[in-house]
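Asks: For reference, this is upload-v2.csv, and it has CSV, C-alpha atoms and all ligand atoms.
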```csv
chain,number,residue,atom,x,y,z
A,10,MET,CA,92.9,80.6,98.0
A,11,ASN,CA,93.4,83.1,100.8
A,12,LEU,CA,91.4,86.1,99.8
A,13,GLU,CA,92.8,88.2,102.7
A,14,ARG,CA,96.4,87.7,101.5
A,15,LEU,CA,95.5,89.0,98.1
A,16,LEU,CA,93.5,92.1,99.2
A,17,ARG,CA,94.9,95.5,100.0
A,18,LYS,CA,95.2,96.0,103.7
A,19,ASN,CA,93.2,99.2,103.8
A,20,ILE,CA,90.4,97.5,101.8
A,21,ILE,CA,90.1,94.7,104.3
A,22,SER,CA,89.4,97.1,107.1
A,23,LEU,CA,87.3,99.5,105.1
A,24,SER,CA,83.6,99.8,105.8
A,25,ALA,CA,81.4,100.9,102.9
A,26,TYR,CA,79.6,104.3,102.7
A,27,SER,CA,76.1,103.7,103.7
A,28,SER,CA,73.6,105.6,101.5
A,29,ALA,CA,70.1,106.5,102.4
A,30,ARG,CA,68.8,103.8,100.0
A,31,ASP,CA,71.2,101.3,101.6
A,32,GLU,CA,69.8,102.0,105.1
A,33,PHE,CA,66.2,101.8,104.1
A,34,LYS,CA,65.7,99.4,101.1
A,35,GLU,CA,62.0,98.6,101.1
A,36,VAL,CA,60.5,100.4,98.2
A,37,ASN,CA,56.9,100.9,99.0
A,38,GLU,CA,54.8,103.4,97.1
A,39,ALA,CA,52.8,104.3,100.2
A,40,PHE,CA,55.9,105.4,102.2
A,41,VAL,CA,57.0,109.0,102.5
A,42,PHE,CA,60.6,109.2,101.5
A,43,ILE,CA,62.2,112.2,103.1
A,44,ASP,CA,65.6,110.6,103.9
A,45,ALA,CA,67.8,111.4,100.9
A,46,ASN,CA,67.2,115.1,100.2
A,47,GLU,CA,65.8,114.4,96.8
A,48,ASN,CA,63.3,116.7,95.0
A,49,PRO,CA,59.9,115.2,95.9
A,50,ASN,CA,58.3,116.0,92.5
A,51,ASN,CA,58.0,112.8,90.5
A,52,ASN,CA,59.4,113.0,87.0
A,53,GLY,CA,60.6,109.4,86.7
A,54,TYR,CA,64.2,110.3,87.7
A,55,ASN,CA,63.9,112.4,90.9
A,56,ARG,CA,64.9,109.5,93.1
A,57,TYR,CA,68.3,108.0,93.5
A,58,PRO,CA,68.7,104.7,91.6
A,59,ASP,CA,68.8,101.3,93.3
A,60,PRO,CA,72.5,101.1,94.5
A,61,GLN,CA,72.4,97.3,94.0
A,62,GLN,CA,70.6,97.3,90.6
A,63,THR,CA,68.6,94.3,91.9
A,64,ALA,CA,66.2,94.1,88.9
A,65,VAL,CA,69.0,94.0,86.3
A,66,LYS,CA,71.1,91.5,88.4
A,67,GLN,CA,68.1,89.3,88.8
A,68,LYS,CA,67.7,89.0,85.1
A,69,LEU,CA,71.5,88.4,84.6
A,70,ALA,CA,71.5,85.8,87.3
A,71,GLU,CA,68.7,83.9,85.6
A,72,LEU,CA,70.4,84.2,82.2
A,73,ARG,CA,73.8,83.0,83.4
A,74,ASP,CA,72.5,80.5,86.0
A,75,LEU,CA,74.3,82.2,88.9
A,76,GLU,CA,73.3,83.9,92.2
A,77,ILE,CA,72.7,87.7,92.5
A,78,ASN,CA,75.6,88.0,95.0
A,79,GLN,CA,78.0,86.7,92.4
A,80,ILE,CA,77.4,89.8,90.2
A,81,LEU,CA,78.6,93.4,90.4
A,82,LEU,CA,77.8,96.0,87.8
A,83,GLY,CA,80.1,98.9,86.8
A,84,ASN,CA,80.0,102.1,84.7
A,85,GLY,CA,81.4,100.1,81.8
A,86,SER,CA,84.0,97.3,82.1
A,87,ASP,CA,86.4,100.2,82.7
A,88,GLU,CA,84.9,100.8,86.2
A,89,VAL,CA,84.7,97.1,86.9
A,90,LEU,CA,88.4,96.7,86.1
A,91,ASP,CA,89.4,99.7,88.0
A,92,LEU,CA,87.6,98.4,91.1
A,93,ILE,CA,89.5,95.1,90.8
A,94,PHE,CA,92.8,97.0,90.7
A,95,ARG,CA,91.8,99.1,93.7
A,96,ALA,CA,90.7,96.0,95.7
A,97,PHE,CA,93.8,93.9,95.1
A,98,CYS,CA,96.8,96.0,94.1
A,99,GLU,CA,98.8,98.0,96.6
A,100,PRO,CA,100.2,101.1,94.7
A,101,ASN,CA,104.0,101.1,94.2
A,102,ASN,CA,104.2,97.6,95.5
A,103,ASP,CA,102.2,95.0,93.7
A,104,ASN,CA,102.3,93.9,90.0
A,105,ILE,CA,100.0,92.5,87.4
A,106,ILE,CA,100.6,90.3,84.3
A,107,THR,CA,99.2,91.1,80.9
A,108,LEU,CA,99.7,89.3,77.6
A,109,PRO,CA,100.3,91.7,74.7
A,110,PRO,CA,99.0,92.3,72.1
A,111,THR,CA,95.8,92.8,74.2
A,112,TYR,CA,93.3,95.3,75.4
A,113,GLY,CA,94.9,98.6,76.3
A,114,MET,CA,92.9,99.4,79.4
A,115,TYR,CA,94.7,96.9,81.6
A,116,SER,CA,98.0,98.9,81.4
A,117,VAL,CA,96.2,102.2,81.5
A,118,LEU,CA,94.5,101.2,84.8
A,119,ALA,CA,97.8,99.8,86.1
A,120,ASN,CA,99.6,103.0,85.4
A,121,LEU,CA,96.8,105.0,86.9
A,122,ASN,CA,96.9,102.9,90.1
A,123,ALA,CA,100.7,102.9,90.2
A,124,VAL,CA,101.0,99.2,89.7
A,125,GLU,CA,103.9,97.5,87.9
A,126,ILE,CA,103.0,95.8,84.6
A,127,ARG,CA,104.8,92.6,83.7
A,128,GLU,CA,104.2,91.8,80.0
A,129,VAL,CA,104.5,88.3,78.6
A,130,LEU,CA,103.9,88.3,74.9
A,131,LEU,CA,101.5,85.8,73.4
A,132,SER,CA,103.0,83.1,71.2
A,133,THR,CA,103.0,83.6,67.4
A,134,GLU,CA,99.7,81.6,67.4
A,135,PHE,CA,98.4,84.3,69.8
A,136,GLN,CA,98.2,81.8,72.7
A,137,PRO,CA,99.3,82.4,76.4
A,138,LYS,CA,102.8,81.0,77.1
A,139,VAL,CA,102.0,79.4,80.4
A,140,ASN,CA,105.6,78.7,81.5
A,141,SER,CA,106.8,82.2,80.8
A,142,ILE,CA,103.8,83.6,82.6
A,143,LEU,CA,104.5,81.5,85.7
A,144,GLU,CA,108.2,82.5,85.6
A,145,GLN,CA,107.2,86.1,85.8
A,146,GLN,CA,104.9,85.8,88.8
A,147,ASP,CA,106.0,86.4,92.4
A,148,GLN,CA,104.3,87.0,95.7
A,149,ARG,CA,103.3,90.5,94.7
A,150,SER,CA,101.6,89.4,91.4
A,151,LYS,CA,97.9,90.0,92.2
A,152,LEU,CA,96.2,90.0,88.8
A,153,LEU,CA,96.6,88.1,85.5
A,154,PHE,CA,94.5,89.4,82.6
A,155,LEU,CA,93.3,86.9,80.0
A,156,CYS,CA,91.2,88.5,77.3
A,157,THR,CA,89.4,85.7,75.4
A,158,PRO,CA,88.4,86.2,72.6
A,159,ASN,CA,91.3,88.5,72.6
A,160,ASN,CA,91.3,92.1,71.4
A,161,PRO,CA,92.9,92.8,68.9
A,162,THR,CA,93.9,89.2,67.8
A,163,ALA,CA,90.3,88.0,67.6
A,164,ASN,CA,91.0,84.5,68.7
A,165,SER,CA,90.1,82.6,71.8
A,166,PHE,CA,92.7,81.1,74.1
A,167,ASP,CA,92.9,77.3,74.5
A,168,ASN,CA,90.8,76.1,77.4
A,169,ASP,CA,93.6,73.8,78.6
A,170,LEU,CA,96.0,76.7,78.8
A,171,ILE,CA,93.5,78.9,80.7
A,172,GLU,CA,92.8,76.0,83.1
A,173,SER,CA,96.4,75.5,83.9
A,174,LEU,CA,96.8,79.2,84.6
A,175,LEU,CA,93.8,79.2,86.9
A,176,ARG,CA,95.4,76.3,88.8
A,177,SER,CA,98.9,77.7,89.0
A,178,PHE,CA,98.7,81.4,89.2
A,179,ASN,CA,98.9,82.6,92.8
A,180,GLY,CA,96.7,85.7,92.4
A,181,ILE,CA,93.4,86.5,90.8
A,182,VAL,CA,92.8,85.5,87.1
A,183,VAL,CA,90.6,88.0,85.3
A,184,ILE,CA,89.0,86.6,82.2
A,185,ASP,CA,87.7,89.4,80.0
A,186,GLU,CA,84.9,88.0,78.0
A,187,ALA,CA,83.7,91.2,76.3
A,188,TYR,CA,83.3,89.2,73.0
A,189,ILE,CA,82.2,85.8,74.4
A,190,ASP,CA,78.8,86.0,72.7
A,191,PHE,CA,80.4,85.9,69.3
A,192,SER,CA,82.6,82.9,70.2
A,193,ILE,CA,82.1,79.2,69.6
A,194,ASN,CA,83.6,78.6,73.0
A,195,GLU,CA,81.5,78.4,76.1
A,196,SER,CA,81.9,81.1,78.8
A,197,TRP,CA,84.0,80.4,81.8
A,198,LEU,CA,81.0,81.4,83.9
A,199,SER,CA,79.9,77.7,83.8
A,200,ARG,CA,83.1,77.0,85.9
A,201,LEU,CA,83.0,80.0,88.2
A,202,ASN,CA,82.2,78.0,91.3
A,203,GLU,CA,85.2,75.7,90.7
A,204,PHE,CA,87.8,78.5,90.9
A,205,PRO,CA,87.8,80.9,93.9
A,206,ASN,CA,90.5,83.0,92.2
A,207,LEU,CA,88.5,83.5,89.0
A,208,ILE,CA,86.8,86.8,88.0
A,209,VAL,CA,84.9,86.9,84.7
A,210,THR,CA,84.1,90.3,83.1
A,211,GLN,CA,81.5,90.9,80.4
A,212,THR,CA,79.9,94.0,79.0
A,213,PHE,CA,76.7,95.4,77.5
A,214,SER,CA,78.9,97.3,74.9
A,215,LYS,CA,79.4,94.6,72.2
A,216,ALA,CA,76.8,91.8,71.6
A,217,PHE,CA,74.1,93.7,73.5
A,218,GLY,CA,74.6,96.7,71.3
A,219,LEU,CA,74.6,99.2,74.2
A,220,ALA,CA,78.0,100.8,74.4
A,221,GLY,CA,76.3,104.1,75.0
A,222,ILE,CA,74.7,103.2,78.3
A,223,ARG,CA,78.1,102.2,79.9
A,224,LEU,CA,77.4,99.0,81.7
A,225,GLY,CA,80.0,96.4,82.5
A,226,ILE,CA,79.5,93.2,84.4
A,227,CYS,CA,81.7,91.4,86.9
A,228,TYR,CA,81.1,87.8,87.9
A,229,ALA,CA,83.0,86.2,90.8
A,230,SER,CA,82.7,84.4,94.1
A,231,LYS,CA,80.3,86.1,96.5
A,232,GLU,CA,83.3,86.9,98.7
A,233,ILE,CA,85.1,88.8,96.0
A,234,ILE,CA,81.8,90.5,94.9
A,235,ALA,CA,81.2,91.6,98.5
A,236,VAL,CA,84.6,93.3,98.6
A,237,LEU,CA,84.0,95.1,95.3
A,238,ASN,CA,80.6,96.2,96.5
A,239,LYS,CA,82.2,97.8,99.5
A,240,ILE,CA,84.4,100.0,97.4
A,241,LYS,CA,82.2,100.9,94.4
A,242,PRO,CA,80.6,104.4,94.3
A,243,PRO,CA,77.1,104.0,95.9
A,244,TYR,CA,75.1,105.0,92.9
A,245,ASN,CA,77.5,104.0,90.1
A,246,ILE,CA,74.8,102.8,87.7
A,247,ASN,CA,72.3,105.5,86.8
A,248,GLN,CA,68.5,105.0,86.4
A,249,LEU,CA,68.5,105.5,82.7
A,250,THR,CA,71.1,102.8,82.2
A,251,GLN,CA,69.3,100.4,84.5
A,252,ASN,CA,66.0,100.9,82.6
A,253,VAL,CA,67.6,100.3,79.2
A,254,ALA,CA,69.5,97.3,80.4
A,255,LEU,CA,66.4,95.8,81.8
A,256,GLU,CA,64.5,96.3,78.6
A,257,LYS,CA,67.3,94.6,76.6
A,258,LEU,CA,67.4,91.6,79.0
A,259,GLU,CA,63.6,91.2,78.6
A,260,ARG,CA,64.1,90.9,74.8
A,261,ILE,CA,67.2,88.7,74.8
A,262,THR,CA,66.2,86.8,71.6
A,263,ASN,CA,66.8,90.0,69.7
A,264,VAL,CA,70.4,90.0,71.0
A,265,LYS,CA,70.9,86.5,69.8
A,266,GLU,CA,69.5,87.3,66.4
A,267,GLU,CA,71.8,90.3,66.0
A,268,VAL,CA,74.8,88.2,67.2
A,269,ASN,CA,74.0,85.5,64.6
A,270,SER,CA,73.7,87.9,61.8
A,271,ILE,CA,77.0,89.6,62.8
A,272,ILE,CA,78.6,86.1,62.8
A,273,ASN,CA,77.2,85.4,59.3
A,274,GLU,CA,78.4,88.7,58.1
A,275,ARG,CA,81.8,88.0,59.5
A,276,GLN,CA,82.1,84.9,57.3
A,277,THR,CA,80.9,86.8,54.2
A,278,LEU,CA,83.4,89.5,54.8
A,279,ILE,CA,86.3,87.0,55.3
A,280,SER,CA,85.5,85.3,52.0
A,281,GLN,CA,85.4,88.6,50.2
A,282,LEU,CA,88.6,89.9,51.7
A,283,GLU,CA,90.4,86.6,50.8
A,284,THR,CA,90.0,87.5,47.1
A,285,ILE,CA,91.7,90.9,47.5
A,286,PRO,CA,95.5,90.7,46.8
A,287,LEU,CA,96.6,93.4,49.3
A,288,PHE,CA,95.6,91.2,52.2
A,289,VAL,CA,98.5,89.1,53.3
A,290,LYS,CA,96.6,87.3,56.1
A,291,ILE,CA,93.2,87.2,57.6
A,292,TYR,CA,93.3,85.8,61.0
A,293,PRO,CA,90.5,83.5,62.2
A,294,SER,CA,88.0,85.4,64.3
A,295,ASP,CA,85.9,84.4,67.3
A,296,ALA,CA,84.7,88.0,67.8
A,297,ASN,CA,82.8,90.8,66.0
A,298,PHE,CA,86.0,92.1,64.4
A,299,LEU,CA,88.8,90.8,62.2
A,300,LEU,CA,92.6,91.2,62.5
A,301,VAL,CA,94.0,91.4,59.0
A,302,GLN,CA,97.6,91.8,57.8
A,303,VAL,CA,98.0,94.0,54.7
A,304,ASP,CA,100.9,94.9,52.6
A,305,ASP,CA,101.3,98.4,54.2
A,306,ALA,CA,99.1,99.2,57.1
A,307,ASN,CA,99.9,102.9,57.4
A,308,LEU,CA,99.2,103.4,53.7
A,309,ARG,CA,96.0,101.4,53.6
A,310,TYR,CA,94.8,103.1,56.8
A,311,ARG,CA,95.3,106.5,55.3
A,312,GLN,CA,93.6,105.5,52.0
A,313,LEU,CA,90.6,104.1,53.9
A,314,ILE,CA,90.3,107.3,55.9
A,315,SER,CA,90.3,109.4,52.8
A,316,LYS,CA,87.2,107.4,51.7
A,317,GLY,CA,85.5,108.0,55.1
A,318,ILE,CA,86.2,104.4,56.3
A,319,VAL,CA,87.8,104.3,59.7
A,320,VAL,CA,89.5,101.2,60.8
A,321,ARG,CA,92.0,100.6,63.7
A,322,ASN,CA,95.6,100.6,62.8
A,323,ARG,CA,97.3,98.1,65.1
A,324,THR,CA,100.7,98.0,63.3
A,325,ASN,CA,102.6,99.3,66.3
A,326,GLN,CA,101.3,96.5,68.6
A,327,PRO,CA,103.7,93.5,69.2
A,328,LEU,CA,103.1,90.6,66.8
A,329,CYS,CA,100.8,92.8,64.7
A,330,HIS,CA,103.1,94.3,62.1
A,331,ASN,CA,101.1,95.7,59.2
A,332,CYS,CA,97.8,94.7,60.9
A,333,LEU,CA,94.5,96.5,60.8
A,334,ARG,CA,91.5,95.7,63.0
A,335,LEU,CA,88.1,95.9,61.3
A,336,THR,CA,84.8,95.7,63.1
A,337,ILE,CA,82.1,93.8,61.3
A,338,GLY,CA,79.6,96.5,60.2
A,339,THR,CA,76.2,96.3,58.6
A,340,PRO,CA,76.0,94.5,55.3
A,341,GLU,CA,75.9,97.9,53.5
A,342,GLU,CA,79.0,99.1,55.4
A,343,ASN,CA,80.9,96.0,54.7
A,344,GLN,CA,80.0,96.2,51.0
A,345,LYS,CA,81.3,99.8,50.9
A,346,LEU,CA,84.5,98.6,52.4
A,347,ILE,CA,84.9,95.8,49.9
A,348,THR,CA,84.0,98.0,46.9
A,349,PHE,CA,86.7,100.5,47.9
A,350,LEU,CA,89.3,97.8,48.6
A,351,ASN,CA,88.7,96.3,45.2
A,352,GLN,CA,89.4,99.7,43.6
A,353,LEU,CA,92.7,99.8,45.4
A,354,SER,CA,94.0,96.5,44.4
A,401,LIG,C1,85.2,96.7,74.1
A,401,LIG,C2,85.9,96.0,75.2
A,401,LIG,C3,85.4,96.0,76.6
A,401,LIG,C4,84.2,96.8,76.9
A,401,LIG,O1,84.5,97.9,77.7
A,401,LIG,P1,83.3,98.8,78.3
A,401,LIG,O2,84.0,99.7,79.2
A,401,LIG,O3,82.4,97.8,79.0
A,401,LIG,O4,82.6,99.4,77.1
A,401,LIG,C5,86.1,95.3,77.5
A,401,LIG,N1,87.1,94.5,77.2
A,401,LIG,C6,87.6,94.4,76.0
A,401,LIG,C7,88.7,93.5,75.7
A,401,LIG,C8,87.0,95.1,75.0
A,401,LIG,O5,87.5,95.1,73.7
```
Please express the file's structure as structure tokens.

Replies:
Amino acid sequence: MNLERLLRKNIISLSAYSSARDEFKEVNEAFVFIDANENPNNNGYNRYPDPQQTAVKQKLAELRDLEINQILLGNGSDEVLDLIFRAFCEPNNDNIITLPPTYGMYSVLANLNAVEIREVLLSTEFQPKVNSILEQQDQRSKLLFLCTPNNPTANSFDNDLIESLLRSFNGIVVIDEAYIDFSINESWLSRLNEFPNLIVTQTFSKAFGLAGIRLGICYASKEIIAVLNKIKPPYNINQLTQNVALEKLERITNVKEEVNSIINERQTLISQLETIPLFVKIYPSDANFLLVQVDDANLRYRQLISKGIVVRNRTNQPLCHNCLRLTIGTPEENQKLITFLNQLS
């Protein structure tokens, strides 16, 4: 893969803004830091945060068995994805390929960055149609987004299909693994070093239970990460976020326990929903939510709202007619849902 061919021209020649903390990195208590115009009175947050979030990345590198220079952190996956657009896609010139029904942010960011979107619907089994995707690509196709497990369909894509896309797509393949910890499939991180055109994104928002701190992760070759590092805002991850992320990574067994209980609860919820007649279909789930087809999605959505239960109505998404998306809640929340649905039927 020729990285320079894929990058935007202005990005290749750009040099990163050099912050005070980039120019002098050694953090030594004994030093006098009068280089960044900070307030000198220590309150825990008076200093700018580490622009490279080294402590957090060190933990992630150990956890995922990768090098620190293969990791970039963003203000949520949103920022990570936006940086990828800005690195690779020339506005009003390049295009990206998405596979609806899928996560809405890819097209939002494409529109924001004035990048053409080529949509290739998933198959009726919610799998990528490899030949159709390859027919859509041209020399200006820079990014292909594969969300697996996919939101809102809840399934994972077949590994063979993903691998053939990684081998035949002539741009960057972004695998969005926001839900990977709930999946029986292994992360593509284990094969990152095999594919120079692979970017894997993950997040602290789902399995880690930290949507509020806004922390997204990007894993890629060190060459791609170096480019993204050059264009990210210098202090994009604040100190509070770095502190909380680090605490969570130090207690990773808690995350695994929570994930396991959500997976168990998912199975309980599926068995209970299966007995309720208004459900036409409950799709298999490899994530922390269910895609369900009901008799009348708009009606059931309104009825649930009237009982204070908020689900996501996906009926207007392609291949999702009369579908609702339900996040797995606590056992009490799920019970409340079931009790109300039973009254409806
Ligand atoms: C929830 C979700 C994310 C997470 O986004 P953040 O900005 O990190 O909170 C990313 N991708 C998909 C497909 C999601 O559903």

Asks: Enumerate residues in contact with ligand LIG 401 (chain A): an atom-to-atom distance of at most 9 Å, counting only C-alpha atoms and all ligand atoms. Format the result as a VMD selection string.

Replies: chain A and resid 83 to 90 111 to 114 156 to 161 185 to 188 210 to 215 219 to 226

Asks: Can you tell me, as a list in words, what residues are no more than 6 Å from stretch 304-311 of chain A when counting only C-alpha atoms, ignoring any on the same chain fewer than 2 positions away?

Replies: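 Residues near the query, excluding close chain neighbours: Leu287, Leu313, Ile314 and Asn331 of chain A.
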
Asks: So that I can check the surroundings of stretch 25-37 of chain A, please list as an MDAnalysis selection string every protein, DNA and RNA residue that reaches within 10 Å of it, counting only C-alpha atoms and ignoring chain neighbours fewer than 4 positions away.

Replies: chainID A and resid 20 41:46 56:61 236:244

Asks: Could you jot down the atom CA of A:Leu143 to atom CA of A:Leu174 separation for me, Å, one decimal place?

Replies: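 Atom CA of A:Leu174 lies 8.1 Å from atom CA of A:Leu143.
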
Asks: By how many Å are atom CA of A:Arg200 and atom CA of A:Asn245 apart?

Replies: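 Between atom CA of A:Arg200 and atom CA of A:Asn245 the gap works out to 27.9 Å.
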
Asks: Report, in Å to a single decimal, how far apart atom CA of A:Leu16 and atom CA of A:Leu175 are.

Replies: 17.8 Å

Asks: Hey, what's within 7 Å of stretch 340-354 of chain A if we count only C-alpha atoms and toss same-chain stuff fewer than 3 positions away? As a PyMOL selection string, please?

Replies: chain A and resi 274+278+285-287

Asks: Near A:Thr262, counting all atoms listed in the file, which residues have an atom at most 12 Å away, once you skip same-chain residues fewer than 6 positions from it, shown as a list in words?

Replies: Leu72, Ala216, Phe217, Glu256, Val268 and Asn269 of chain A

Asks: Neighbouring residues of A:Asn120 were defined as those with any atom within 12 Å, considering only C-alpha atoms; residues of the same chain fewer than 4 positions away were excluded. Please report them as a ChimeraX atom specification.

Replies: /A:91,94,98,100-101,103-105,113-116,124-127

Asks: Would you please work out which residue, of A:Asn11, A:Ile246, A:Ile261, A:Thr162, is nearest to A:Gln302 when using all atoms listed in the file?

Replies: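 Smallest separation from A:Gln302 among the options: A:Thr162.
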
Asks: Can you work out which one of A:Ser177, A:Ser141, A:Asn50, A:Asn55 has the shortest atom-to-atom distance to A:Met10, counting only C-alpha atoms?

Replies: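 Distance minimum relative to A:Met10 lands on A:Ser177.
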
Asks: Using all atoms listed in the file, can you tell me which of A:Ser280, A:Ser230, A:Ser315, A:Ser165 comes closest to A:Ser294?

Replies: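 Among A:Ser280, A:Ser230, A:Ser315, A:Ser165, it is A:Ser165 that comes nearest to A:Ser294.
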
Asks: Rank nothing, just name the residue among A:Ser192, A:Gln251, A:Asn297, A:Asn168 nearest to A:Lys66, using all atoms listed in the file.

Replies: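 Of A:Ser192, A:Gln251, A:Asn297, A:Asn168, the one nearest A:Lys66 is A:Gln251, counting all atoms listed in the file.
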